[in-house]
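J.: File work22.cif below, mmCIF, C-alpha atoms:
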```
data_work
#
loop_
_atom_site.label_atom_id
_atom_site.label_comp_id
_atom_site.auth_asym_id
_atom_site.auth_seq_id
_atom_site.Cartn_x
_atom_site.Cartn_y
_atom_site.Cartn_z
CA MET A 1 169.17 168.86 81.94
CA GLY A 2 165.97 170.50 80.82
CA LYS A 3 162.99 170.70 83.06
CA ASP A 4 159.54 169.92 81.74
CA VAL A 5 157.42 169.33 84.83
CA GLU A 6 154.20 168.80 82.94
CA LYS A 7 155.66 166.15 80.67
CA SER A 8 157.38 164.50 83.62
CA THR A 9 154.17 164.32 85.66
CA LYS A 10 152.35 162.75 82.73
CA LEU A 11 155.07 160.13 82.32
CA LYS A 12 155.03 159.41 86.04
CA GLU A 13 151.28 158.83 86.02
CA ASP A 14 151.68 156.48 83.07
CA GLY A 15 154.39 154.70 85.03
CA ASN A 16 152.10 154.35 88.05
CA HIS A 17 149.44 152.71 85.88
CA HIS A 18 151.96 150.22 84.54
CA PHE A 19 153.24 149.55 88.07
CA GLN A 20 149.75 148.90 89.41
CA SER A 21 148.99 146.46 86.60
CA GLY A 22 152.19 144.56 87.38
CA ASP A 23 154.21 145.70 84.34
CA TYR A 24 157.37 146.66 86.18
CA ILE A 25 159.57 146.79 83.08
CA GLY A 26 157.20 149.29 81.48
CA ALA A 27 156.91 151.28 84.71
CA GLU A 28 160.67 151.41 85.14
CA SER A 29 161.24 152.80 81.67
CA LEU A 30 158.45 155.39 82.01
CA TYR A 31 159.88 156.59 85.34
CA SER A 32 163.27 156.85 83.64
CA LYS A 33 161.76 159.05 80.93
CA ALA A 34 160.04 161.12 83.62
CA ILE A 35 163.41 161.63 85.31
CA ILE A 36 164.94 162.78 82.02
CA ALA A 37 162.14 165.33 81.72
CA ASP A 38 162.62 166.52 85.31
CA ASP A 39 165.52 165.28 87.36
CA THR A 40 164.71 167.32 90.47
CA ASN A 41 161.60 165.49 91.69
CA PRO A 42 162.58 163.12 94.56
CA SER A 43 159.47 160.93 94.29
CA LEU A 44 160.35 159.87 90.74
CA TYR A 45 163.42 158.13 92.11
CA THR A 46 161.61 156.23 94.87
CA ASN A 47 158.95 155.17 92.37
CA ARG A 48 161.60 153.85 90.01
CA ALA A 49 163.33 152.15 92.94
CA MET A 50 160.08 150.32 93.77
CA ALA A 51 159.84 149.08 90.19
CA ARG A 52 163.50 148.07 90.21
CA ILE A 53 163.05 146.07 93.44
CA ARG A 54 160.32 144.07 91.72
CA LEU A 55 162.74 143.41 88.88
CA GLY A 56 165.48 142.31 91.27
CA LEU A 57 167.69 145.28 90.32
CA TYR A 58 168.68 146.04 93.90
CA GLU A 59 171.91 147.92 93.25
CA SER A 60 170.30 150.42 90.89
CA ALA A 61 167.29 150.70 93.22
CA ILE A 62 169.72 151.65 96.00
CA ALA A 63 171.26 154.28 93.72
CA ASP A 64 167.77 155.72 93.14
CA CYS A 65 167.06 155.89 96.89
CA ASN A 66 170.35 157.65 97.49
CA GLU A 67 169.62 160.13 94.70
CA CYS A 68 166.21 160.79 96.24
CA LEU A 69 167.80 161.36 99.66
CA LYS A 70 170.30 163.77 98.11
CA LEU A 71 167.48 165.76 96.51
CA SER A 72 165.42 165.74 99.70
CA GLY A 73 168.21 167.37 101.70
CA SER A 74 168.22 167.76 105.47
CA LYS A 75 164.54 166.94 105.99
CA GLY A 76 165.14 163.39 104.79
CA ASN A 77 162.67 161.17 102.97
CA LEU A 78 160.69 158.50 104.75
CA LYS A 79 159.83 156.51 101.63
CA ALA A 80 163.42 156.55 100.36
CA TYR A 81 164.73 155.15 103.65
CA PHE A 82 161.98 152.55 103.75
CA VAL A 83 162.63 151.34 100.19
CA LEU A 84 166.38 151.56 100.75
CA SER A 85 166.08 149.30 103.78
CA GLN A 86 164.19 146.70 101.73
CA CYS A 87 166.89 146.74 99.02
CA GLN A 88 169.70 146.45 101.54
CA LEU A 89 167.98 143.52 103.20
CA SER A 90 167.65 141.82 99.81
CA ILE A 91 171.39 142.05 99.21
CA HIS A 92 172.09 140.87 102.79
CA ASP A 93 173.58 144.15 103.96
CA TYR A 94 171.93 143.74 107.36
CA ASP A 95 173.53 146.58 109.33
CA ALA A 96 172.79 149.13 106.61
CA ALA A 97 169.22 147.81 106.24
CA LEU A 98 168.58 148.23 109.97
CA GLU A 99 170.12 151.71 109.95
CA SER A 100 167.83 152.79 107.07
CA ALA A 101 164.77 151.26 108.72
CA LEU A 102 165.55 153.16 111.92
CA GLN A 103 165.89 156.41 109.95
CA ALA A 104 162.49 155.73 108.37
CA HIS A 105 161.05 155.04 111.82
CA ARG A 106 162.47 158.29 113.20
CA LEU A 107 160.94 160.31 110.34
CA CYS A 108 157.66 158.47 110.77
CA VAL A 109 157.44 159.49 114.43
CA GLU A 110 158.54 163.07 113.71
CA THR A 111 155.97 163.61 110.98
CA ASN A 112 153.25 161.49 112.62
CA ASP A 113 153.05 159.43 109.44
CA LYS A 114 150.48 156.67 109.07
CA SER A 115 153.01 154.08 107.88
CA LEU A 116 154.38 153.60 111.41
CA GLY A 117 153.07 150.03 111.48
CA PRO A 118 154.81 148.76 108.32
CA VAL A 119 157.97 150.69 109.20
CA THR A 120 158.06 149.13 112.69
CA ASN A 121 157.68 145.71 111.07
CA GLN A 122 160.59 146.49 108.75
CA VAL A 123 162.81 147.31 111.75
CA LEU A 124 161.89 143.96 113.29
CA ARG A 125 162.48 142.10 110.04
CA CYS A 126 165.98 143.61 109.72
CA LYS A 127 166.81 142.58 113.27
CA LYS A 128 165.56 139.07 112.73
CA GLU A 129 167.41 138.49 109.48
CA ARG A 130 170.61 139.94 110.91
CA TRP A 131 170.35 137.64 113.91
CA GLU A 132 169.68 134.60 111.70
CA GLU A 133 172.76 135.37 109.66
CA MET A 134 174.87 135.64 112.81
CA GLU A 135 173.41 132.38 114.10
CA LYS A 136 174.26 130.61 110.88
CA GLN A 137 177.80 131.89 111.13
CA ARG A 138 178.08 130.82 114.76
CA ALA A 139 176.80 127.34 113.89
CA ARG A 140 179.20 127.06 110.98
CA GLU A 141 182.15 128.08 113.14
CA GLY A 142 181.13 125.59 115.82
CA GLN A 143 180.91 122.77 113.31
CA GLU A 144 184.27 123.65 111.79
CA LEU A 145 185.90 123.66 115.19
CA GLU A 146 184.32 120.33 116.04
CA ARG A 147 185.57 118.75 112.82
CA GLU A 148 189.05 120.15 113.36
CA VAL A 149 189.37 118.93 116.95
CA ILE A 150 188.02 115.49 116.09
CA GLY A 151 190.50 115.32 113.21
CA LEU A 152 193.33 116.03 115.65
CA LEU A 153 192.14 113.36 118.05
CA GLU A 154 191.84 110.81 115.25
CA ARG A 155 195.37 111.53 114.09
CA GLU A 156 196.67 111.19 117.62
CA ARG A 157 194.76 107.90 117.98
CA ASP A 158 196.17 106.51 114.74
CA ASP A 159 199.72 107.49 115.77
CA MET A 160 199.29 105.69 119.08
CA ILE A 161 197.86 102.60 117.39
CA GLY A 162 200.80 102.65 114.99
CA SER A 163 203.28 102.58 117.86
CA CYS A 164 201.68 99.50 119.48
CA ASP A 165 203.37 96.15 118.85
CA ASN A 166 200.46 93.73 119.43
CA ASP A 167 196.75 93.48 118.64
CA PHE A 168 195.64 93.55 122.26
CA ASP A 169 197.29 96.92 122.93
CA ARG A 170 196.06 98.23 119.60
CA ASP A 171 192.48 97.33 120.58
CA GLN A 172 192.83 98.91 124.01
CA VAL A 173 194.22 102.15 122.58
CA LYS A 174 191.59 102.31 119.89
CA GLN A 175 188.75 101.88 122.38
CA GLU A 176 190.17 104.48 124.73
CA TRP A 177 190.52 107.10 121.98
CA ASP A 178 187.19 106.35 120.34
CA HIS A 179 185.59 106.94 123.72
CA LYS A 180 187.30 110.33 124.02
CA ILE A 181 186.09 111.29 120.57
CA GLU A 182 182.54 110.25 121.41
CA VAL A 183 182.57 112.32 124.63
CA LEU A 184 183.74 115.35 122.67
CA ARG A 185 180.98 114.89 120.10
CA LEU A 186 178.37 114.66 122.82
CA THR A 187 179.70 117.81 124.45
CA PHE A 188 179.32 119.77 121.22
CA GLU A 189 175.87 118.27 120.71
CA LYS A 190 174.76 119.29 124.18
CA SER A 191 175.88 122.88 123.77
CA ARG A 192 173.96 123.13 120.52
CA ALA A 193 170.78 121.83 122.14
CA ALA A 194 171.12 124.26 125.05
CA SER A 195 171.33 127.30 122.80
CA GLU A 196 168.16 126.21 121.02
CA LYS A 197 166.20 125.34 124.11
CA LYS A 198 166.41 128.66 125.94
CA ARG A 199 163.65 130.10 123.83
CA GLU A 200 161.30 131.96 126.08
CA VAL A 201 159.97 135.44 125.50
CA PRO A 202 159.68 137.42 128.74
CA ASP A 203 156.44 139.41 129.14
CA TRP A 204 158.22 142.71 129.53
CA VAL A 205 159.35 142.80 125.89
CA ILE A 206 155.80 142.15 124.62
CA ASP A 207 153.37 144.88 123.61
CA ASP A 208 149.94 144.02 125.03
CA ILE A 209 148.13 145.31 121.95
CA SER A 210 149.98 143.67 119.06
CA PHE A 211 151.53 140.87 121.16
CA GLY A 212 154.75 141.68 119.26
CA ILE A 213 158.18 142.60 120.61
CA MET A 214 158.49 146.30 121.29
CA VAL A 215 160.77 148.39 119.08
CA ASP A 216 159.79 151.86 120.22
CA PRO A 217 157.95 151.55 123.54
CA VAL A 218 156.07 154.60 124.82
CA ILE A 219 154.74 154.97 128.34
CA THR A 220 151.34 156.33 129.46
CA LYS A 221 150.31 158.06 132.67
CA THR A 222 149.47 154.72 134.25
CA GLY A 223 153.09 153.61 133.91
CA LYS A 224 152.32 150.98 131.31
CA SER A 225 154.27 150.87 128.04
CA TYR A 226 153.06 149.99 124.54
CA GLU A 227 154.56 149.81 121.09
CA ARG A 228 154.18 153.28 119.59
CA ALA A 229 152.56 151.98 116.37
CA SER A 230 149.94 149.98 118.32
CA ILE A 231 148.90 152.62 120.81
CA MET A 232 148.73 155.25 118.05
CA GLU A 233 146.41 152.98 116.08
CA HIS A 234 144.22 152.62 119.15
CA LEU A 235 144.25 156.36 119.95
CA ARG A 236 143.23 157.23 116.40
CA ARG A 237 139.87 155.59 117.10
CA HIS A 238 139.53 155.86 120.86
CA PRO A 239 141.54 158.59 122.57
CA THR A 240 141.54 156.78 125.91
CA ASP A 241 144.04 154.94 128.06
CA PRO A 242 143.63 151.22 127.34
CA LEU A 243 143.82 150.34 131.03
CA THR A 244 141.83 153.08 132.75
CA ARG A 245 139.78 154.46 129.80
CA GLU A 246 140.69 157.97 130.96
CA PRO A 247 141.20 160.46 128.13
CA LEU A 248 144.63 160.08 126.58
CA HIS A 249 146.13 162.29 123.89
CA PRO A 250 149.07 161.18 121.69
CA SER A 251 151.07 164.16 122.96
CA GLU A 252 150.96 162.65 126.46
CA LEU A 253 152.93 159.58 125.39
CA ARG A 254 156.58 159.53 126.40
CA PRO A 255 159.30 157.32 124.98
CA ASN A 256 160.44 154.69 127.46
CA LEU A 257 164.14 154.77 126.69
CA GLN A 258 165.34 152.19 129.21
CA LEU A 259 162.77 149.65 128.10
CA LYS A 260 163.66 150.38 124.48
CA GLU A 261 167.30 149.58 125.20
CA ALA A 262 166.38 146.44 127.11
CA CYS A 263 164.16 145.24 124.25
CA GLN A 264 166.92 146.01 121.77
CA GLU A 265 169.41 144.01 123.79
CA PHE A 266 167.00 141.11 124.11
CA LEU A 267 166.41 141.06 120.35
CA ASP A 268 170.11 141.28 119.56
CA GLN A 269 170.57 138.00 121.40
CA ASN A 270 167.23 136.41 120.54
CA GLY A 271 166.43 137.36 116.96
CA TRP A 272 164.18 134.31 116.60
CA ALA A 273 161.77 136.01 119.02
CA VAL A 274 160.54 138.33 116.24
CA ASP A 275 158.11 135.58 115.25
CA TRP A 276 157.79 133.62 118.47
CA MET B 1 148.65 149.15 111.67
CA ALA B 2 147.87 146.94 108.74
CA ASN B 3 147.55 143.27 109.62
CA LEU B 4 147.59 143.79 113.34
CA GLY B 5 144.75 141.28 113.74
CA PRO B 6 146.07 138.10 112.10
CA ARG B 7 149.47 138.39 113.76
CA ARG B 8 148.05 139.00 117.16
CA LEU B 9 145.45 136.21 116.83
CA THR B 10 148.16 133.76 115.78
CA LYS B 11 150.07 134.60 118.94
CA GLU B 12 146.98 134.48 121.14
CA LEU B 13 146.15 131.08 119.73
CA ALA B 14 149.66 129.79 120.40
CA LYS B 15 149.31 131.00 123.98
CA ILE B 16 145.84 129.61 124.74
CA SER B 17 146.58 126.31 123.02
CA ASN B 18 149.21 125.83 125.72
CA SER B 19 147.33 126.90 128.79
CA LEU B 20 144.03 128.38 129.87
CA PRO B 21 142.62 129.05 133.34
CA PRO B 22 140.48 126.35 134.97
CA GLY B 23 136.97 126.02 133.55
CA ILE B 24 137.92 127.42 130.13
CA THR B 25 138.78 125.17 127.19
CA LEU B 26 139.50 125.85 123.55
CA VAL B 27 137.12 123.84 121.35
CA SER B 28 138.19 124.88 117.87
CA ALA B 29 140.04 127.66 116.09
CA ASP B 30 140.22 126.58 112.47
CA ASN B 31 140.85 130.06 111.15
CA LEU B 32 141.50 133.57 112.37
CA GLU B 33 137.88 134.67 112.04
CA GLU B 34 135.87 132.38 114.30
CA TRP B 35 136.84 130.50 117.45
CA PHE B 36 134.81 128.38 119.87
CA LEU B 37 135.51 127.98 123.58
CA ASP B 38 133.70 126.14 126.36
CA ILE B 39 133.31 127.63 129.80
CA GLN B 40 132.16 126.23 133.12
CA VAL B 41 131.35 127.93 136.40
CA LEU B 42 133.63 126.39 138.97
CA ASP B 43 132.11 127.33 142.30
CA GLN B 44 128.89 125.84 143.65
CA ASN B 45 126.50 128.32 142.07
CA PRO B 46 123.29 126.21 141.77
CA ILE B 47 122.18 128.03 138.59
CA TYR B 48 125.16 126.76 136.61
CA ALA B 49 126.33 123.62 138.45
CA GLY B 50 127.31 120.75 136.18
CA GLU B 51 126.73 122.68 132.95
CA THR B 52 129.11 123.61 130.16
CA TYR B 53 128.44 126.59 127.89
CA ARG B 54 129.82 127.29 124.44
CA LEU B 55 131.10 130.72 123.41
CA LYS B 56 131.62 131.85 119.84
CA PHE B 57 134.20 134.56 119.11
CA LYS B 58 134.04 136.39 115.80
CA PHE B 59 136.97 138.65 114.91
CA SER B 60 136.92 141.50 112.43
CA THR B 61 140.08 142.63 110.66
CA SER B 62 140.37 145.54 113.07
CA TYR B 63 140.71 143.29 116.12
CA PRO B 64 142.11 144.05 118.72
CA ILE B 65 141.48 147.74 118.12
CA GLU B 66 137.79 146.83 117.85
CA PRO B 67 136.19 144.20 120.12
CA PRO B 68 135.42 140.65 118.99
CA GLU B 69 131.77 139.64 118.69
CA VAL B 70 131.13 137.18 121.51
CA THR B 71 127.91 135.18 121.88
CA PHE B 72 126.75 131.95 123.47
CA VAL B 73 125.72 129.23 121.02
CA LYS B 74 123.04 126.65 121.74
CA LEU B 75 123.71 122.94 121.14
CA ASP B 76 122.08 119.81 122.52
CA THR B 77 124.58 119.62 125.37
CA ARG B 78 125.31 123.35 125.54
CA PRO B 79 122.41 125.49 126.79
CA ILE B 80 122.39 129.30 126.94
CA PRO B 81 123.11 130.23 130.58
CA MET B 82 120.37 131.98 132.56
CA HIS B 83 121.43 135.51 133.44
CA PRO B 84 119.72 138.94 133.54
CA HIS B 85 122.27 140.15 130.95
CA ILE B 86 122.19 137.18 128.59
CA TYR B 87 119.38 136.91 126.06
CA SER B 88 118.00 133.51 125.20
CA ASN B 89 119.49 133.78 121.67
CA GLY B 90 122.98 133.92 123.17
CA ILE B 91 123.59 137.66 122.93
CA ILE B 92 125.55 138.92 125.90
CA CYS B 93 125.10 142.40 127.30
CA LEU B 94 128.53 143.20 128.73
CA ASP B 95 130.12 146.65 128.52
CA LEU B 96 133.54 145.10 127.89
CA LEU B 97 132.27 143.82 124.53
CA GLY B 98 130.92 147.16 123.31
CA SER B 99 132.95 149.71 121.38
CA GLN B 100 133.02 152.00 124.40
CA GLY B 101 133.97 149.47 127.03
CA TRP B 102 136.46 147.51 124.95
CA SER B 103 140.21 148.01 125.25
CA PRO B 104 142.86 146.45 123.01
CA VAL B 105 144.68 145.07 126.04
CA GLN B 106 141.75 142.70 126.53
CA ASN B 107 142.07 139.33 124.82
CA VAL B 108 140.18 136.09 124.30
CA GLU B 109 141.35 134.69 127.61
CA SER B 110 140.45 137.80 129.62
CA VAL B 111 137.02 138.02 127.94
CA CYS B 112 136.30 134.39 128.86
CA MET B 113 137.34 135.09 132.43
CA SER B 114 135.09 138.15 132.61
CA ILE B 115 132.11 136.17 131.35
CA GLN B 116 132.94 133.34 133.73
CA SER B 117 132.98 135.71 136.69
CA MET B 118 129.81 137.44 135.46
CA LEU B 119 128.11 134.04 135.81
CA THR B 120 129.81 133.14 139.08
CA GLY B 121 128.55 136.28 140.81
CA ASN B 122 124.97 136.00 139.57
CA THR B 123 122.11 134.97 141.87
CA LYS B 124 119.11 135.66 139.62
CA ASN B 125 117.84 132.74 137.63
CA GLU B 126 116.19 134.91 134.97
CA ARG B 127 116.47 136.48 131.50
CA PRO B 128 116.77 140.20 130.79
CA PRO B 129 113.49 142.13 130.81
CA GLY B 130 111.87 142.02 127.37
CA ASP B 131 113.87 138.95 126.33
CA GLU B 132 111.17 137.37 124.17
CA GLU B 133 110.45 140.56 122.32
CA PHE B 134 114.15 141.29 121.81
CA VAL B 135 114.93 137.83 120.53
CA ARG B 136 112.01 137.98 118.11
CA GLY B 137 112.74 141.46 116.82
CA ASN B 138 116.49 141.89 116.86
CA ARG B 139 118.26 142.02 113.50
CA LEU B 140 121.29 143.98 114.66
CA ARG B 141 124.73 142.63 115.28
CA PRO B 142 125.52 142.57 119.01
CA ARG B 143 128.08 145.38 118.79
CA ASP B 144 125.56 147.73 117.18
CA ILE B 145 122.96 147.25 119.89
CA ASP B 146 122.83 150.16 122.26
CA PHE B 147 122.30 148.20 125.45
CA TYR B 148 120.76 149.94 128.35
CA TYR B 149 122.72 148.80 131.35
CA HIS B 150 119.67 148.86 133.53
CA ASP B 151 121.13 147.16 136.52
CA ASN B 152 124.81 147.57 137.25
CA THR B 153 124.66 145.50 140.39
CA VAL B 154 124.40 142.24 138.46
#
```
Written as structure tokens, that's how I'd like the structure from this file.
T.:
Amino acid sequence: MGKDVEKSTKLKEDGNHHFQSGDYIGAESLYSKAIIADDTNPSLYTNRAMARIRLGLYESAIADCNECLKLSGSKGNLKAYFVLSQCQLSIHDYDAALESALQAHRLCVETNDKSLGPVTNQVLRCKKERWEEMEKQRAREGQELEREVIGLLERERDDMIGSCDNDFDRDQVKQEWDHKIEVLRLTFEKSRAASEKKREVPDWVIDDISFGIMVDPVITKTGKSYERASIMEHLRRHPTDPLTREPLHPSELRPNLQLKEACQEFLDQNGWAVDW
Amino acid sequence: MANLGPRRLTKELAKISNSLPPGITLVSADNLEEWFLDIQVLDQNPIYAGETYRLKFKFSTSYPIEPPEVTFVKLDTRPIPMHPHIYSNGIICLDLLGSQGWSPVQNVESVCMSIQSMLTGNTKNERPPGDEEFVRGNRLRPRDIDFYYHDNTV
């Protein structure tokens, strides 16, 4: 394809104007024309993907992100991963969405990019939605099993009643089996309540600055850990340790890998905790 | 991080609505910009015995990276406590509340506790030097005032 960078840039700028004014159809078609003029500029694809997300065209937005990543090569592309993660979440591809969000987070940290906050939130959102989906599935399976077992008991009860030869026995048998069924129902009910009640967030997963669950905890000289996005935001304005007010430079922060794993494990089992 | 403030304040509110230390009560928090809390001094300090004081917290969008603005407000039943670091218009001179002394690990509860203990430990039933003049002339917001911490023993 031909390459007319000047024409392409002009079309892209036009597209940006349309995007900002909320005309996503117009923006999408201008970005497409810009790509025809120059199909080697990665940012044209992420821009078009953003417009396509607004139009609900997730599959083609994903294709754009992948094209952008291909063009960006080994150094990756933060924006492409970020947009990709949003698309994948929209089509309920939770594992892929989390993977993309984590790639975006990694690039963010490596390049010291200012979007660490939103990217960290995206990681949390992916984890939460994935957990909710798994919970729904668990609940559905539990209900199906309950229905099935109760069905079996009812059939057994009816068979027994059928084999009785007087009303007194029939009544006895019916009462006995209805009681069993009720006990089973209560047992299922109780287990459901228990899994919903155990909802406490331990302090060690909480970042003292954002009060959110930590995704990428980093530790300071004092031994205290913070979410990377929060402490970086603080250090941008005041380069001091939040506890001791001693000078603290971003390069002195160290990842706290064990705590990161522990937080990850906690979230895997308690996805609701993302918005406790 | 964009929107750090609202999220954190929502969580702080959830926490302090459940429990607060003795002598501190939440009066109202109708939005995420302005909250009111009452504090009492619990020991037998004669300067403050039997009184309740009302604190007003004002949060900017950069909270908790920047400190909240905390002042005492005067009502019929809520006087401004006497203290060499508290002006009669309710402005509190406390390093914790200035840009330099603030830290984002502080929170509404810890600020209340600091103010409570600042009162508890005080023995001087007086206003800061130059109170009248300051109250008459001051047009600055508390955080922009460059307080001179004249007496660190208080």
J.: Give me, as a count of residues only, all polymer residues having an atom no more than 12 Å from A:Ser90, counting all atoms listed in the file and skipping those fewer than 2 positions away in the same chain.
T.: 23
J.: For stretch 12-18 of chain B, find every residue with an atom within 9 Å (counting all atoms listed in the file), except residues of its own chain fewer than 3 positions away, and show them as a list in words.
T.: Phe211 of chain A; Arg7, Arg8, Leu9, Thr25, Leu26, Ala29, Asn107, Val108 and Glu109 of chain B
J.: Could you check the closest approach to chain A for each of B:Tyr87, B:Tyr63, B:Tyr48, B:Phe134 and tell me which residue wins, using only C-alpha atoms?
T.: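 With only C-alpha atoms as the atom set, the closest residue is B:Tyr63.
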J.: Can you work out the spacing between atom CA of B:Val70 and atom CA of A:Lys224 in Å, to one decimal?
T.: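 Here the two named atoms are 27.1 Å from each other.
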J.: Do you know which residues the PyMOL selection byres ((chain B) within 6 of (chain A)) returns on this file, as a PyMOL selection string?
T.: chain B and resi 1+8+65+103-105
J.: Take stretch 113-129 of chain B, bring it up to N, CA and C atoms, and give me the output as a PDB file, keeping the file's coordinate frame.
T.:
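So rebuild_28.pdb came out as:
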```pdb
ATOM      1  N   MET B 113     137.312 134.992 130.970  1.00  0.00           N
ATOM      2  CA  MET B 113     137.340 135.090 132.430  1.00  0.00           C
ATOM      3  C   MET B 113     136.285 136.075 132.930  1.00  0.00           C
ATOM      4  N   SER B 114     136.099 137.173 132.207  1.00  0.00           N
ATOM      5  CA  SER B 114     135.090 138.150 132.610  1.00  0.00           C
ATOM      6  C   SER B 114     133.694 137.544 132.557  1.00  0.00           C
ATOM      7  N   ILE B 115     133.431 136.781 131.482  1.00  0.00           N
ATOM      8  CA  ILE B 115     132.110 136.170 131.350  1.00  0.00           C
ATOM      9  C   ILE B 115     131.914 135.101 132.430  1.00  0.00           C
ATOM     10  N   GLN B 116     132.995 134.358 132.685  1.00  0.00           N
ATOM     11  CA  GLN B 116     132.940 133.340 133.730  1.00  0.00           C
ATOM     12  C   GLN B 116     132.585 133.989 135.087  1.00  0.00           C
ATOM     13  N   SER B 117     133.225 135.118 135.377  1.00  0.00           N
ATOM     14  CA  SER B 117     132.980 135.710 136.690  1.00  0.00           C
ATOM     15  C   SER B 117     131.630 136.413 136.724  1.00  0.00           C
ATOM     16  N   MET B 118     131.152 136.857 135.537  1.00  0.00           N
ATOM     17  CA  MET B 118     129.810 137.440 135.460  1.00  0.00           C
ATOM     18  C   MET B 118     128.764 136.378 135.846  1.00  0.00           C
ATOM     19  N   LEU B 119     129.015 135.130 135.449  1.00  0.00           N
ATOM     20  CA  LEU B 119     128.110 134.040 135.810  1.00  0.00           C
ATOM     21  C   LEU B 119     128.266 133.673 137.283  1.00  0.00           C
ATOM     22  N   THR B 120     129.534 133.543 137.700  1.00  0.00           N
ATOM     23  CA  THR B 120     129.810 133.140 139.080  1.00  0.00           C
ATOM     24  C   THR B 120     129.084 134.026 140.081  1.00  0.00           C
ATOM     25  N   GLY B 121     129.101 135.341 139.827  1.00  0.00           N
ATOM     26  CA  GLY B 121     128.550 136.280 140.810  1.00  0.00           C
ATOM     27  C   GLY B 121     127.036 136.440 140.714  1.00  0.00           C
ATOM     28  N   ASN B 122     126.403 135.771 139.783  1.00  0.00           N
ATOM     29  CA  ASN B 122     124.970 136.000 139.570  1.00  0.00           C
ATOM     30  C   ASN B 122     124.098 135.132 140.476  1.00  0.00           C
ATOM     31  N   THR B 123     123.017 135.735 141.011  1.00  0.00           N
ATOM     32  CA  THR B 123     122.110 134.970 141.870  1.00  0.00           C
ATOM     33  C   THR B 123     120.710 134.905 141.292  1.00  0.00           C
ATOM     34  N   LYS B 124     120.472 135.607 140.159  1.00  0.00           N
ATOM     35  CA  LYS B 124     119.110 135.660 139.620  1.00  0.00           C
ATOM     36  C   LYS B 124     118.952 134.692 138.456  1.00  0.00           C
ATOM     37  N   ASN B 125     118.067 133.752 138.652  1.00  0.00           N
ATOM     38  CA  ASN B 125     117.840 132.740 137.630  1.00  0.00           C
ATOM     39  C   ASN B 125     116.803 133.262 136.627  1.00  0.00           C
ATOM     40  N   GLU B 126     117.171 134.306 135.876  1.00  0.00           N
ATOM     41  CA  GLU B 126     116.190 134.910 134.970  1.00  0.00           C
ATOM     42  C   GLU B 126     116.854 135.546 133.756  1.00  0.00           C
ATOM     43  N   ARG B 127     116.034 135.820 132.725  1.00  0.00           N
ATOM     44  CA  ARG B 127     116.470 136.480 131.500  1.00  0.00           C
ATOM     45  C   ARG B 127     116.332 138.000 131.649  1.00  0.00           C
ATOM     46  N   PRO B 128     116.952 138.740 130.746  1.00  0.00           N
ATOM     47  CA  PRO B 128     116.770 140.200 130.790  1.00  0.00           C
ATOM     48  C   PRO B 128     115.309 140.551 130.552  1.00  0.00           C
ATOM     49  N   PRO B 129     114.859 141.689 131.079  1.00  0.00           N
ATOM     50  CA  PRO B 129     113.490 142.130 130.810  1.00  0.00           C
ATOM     51  C   PRO B 129     113.300 142.300 129.303  1.00  0.00           C
TER      52      PRO B 129
END
```
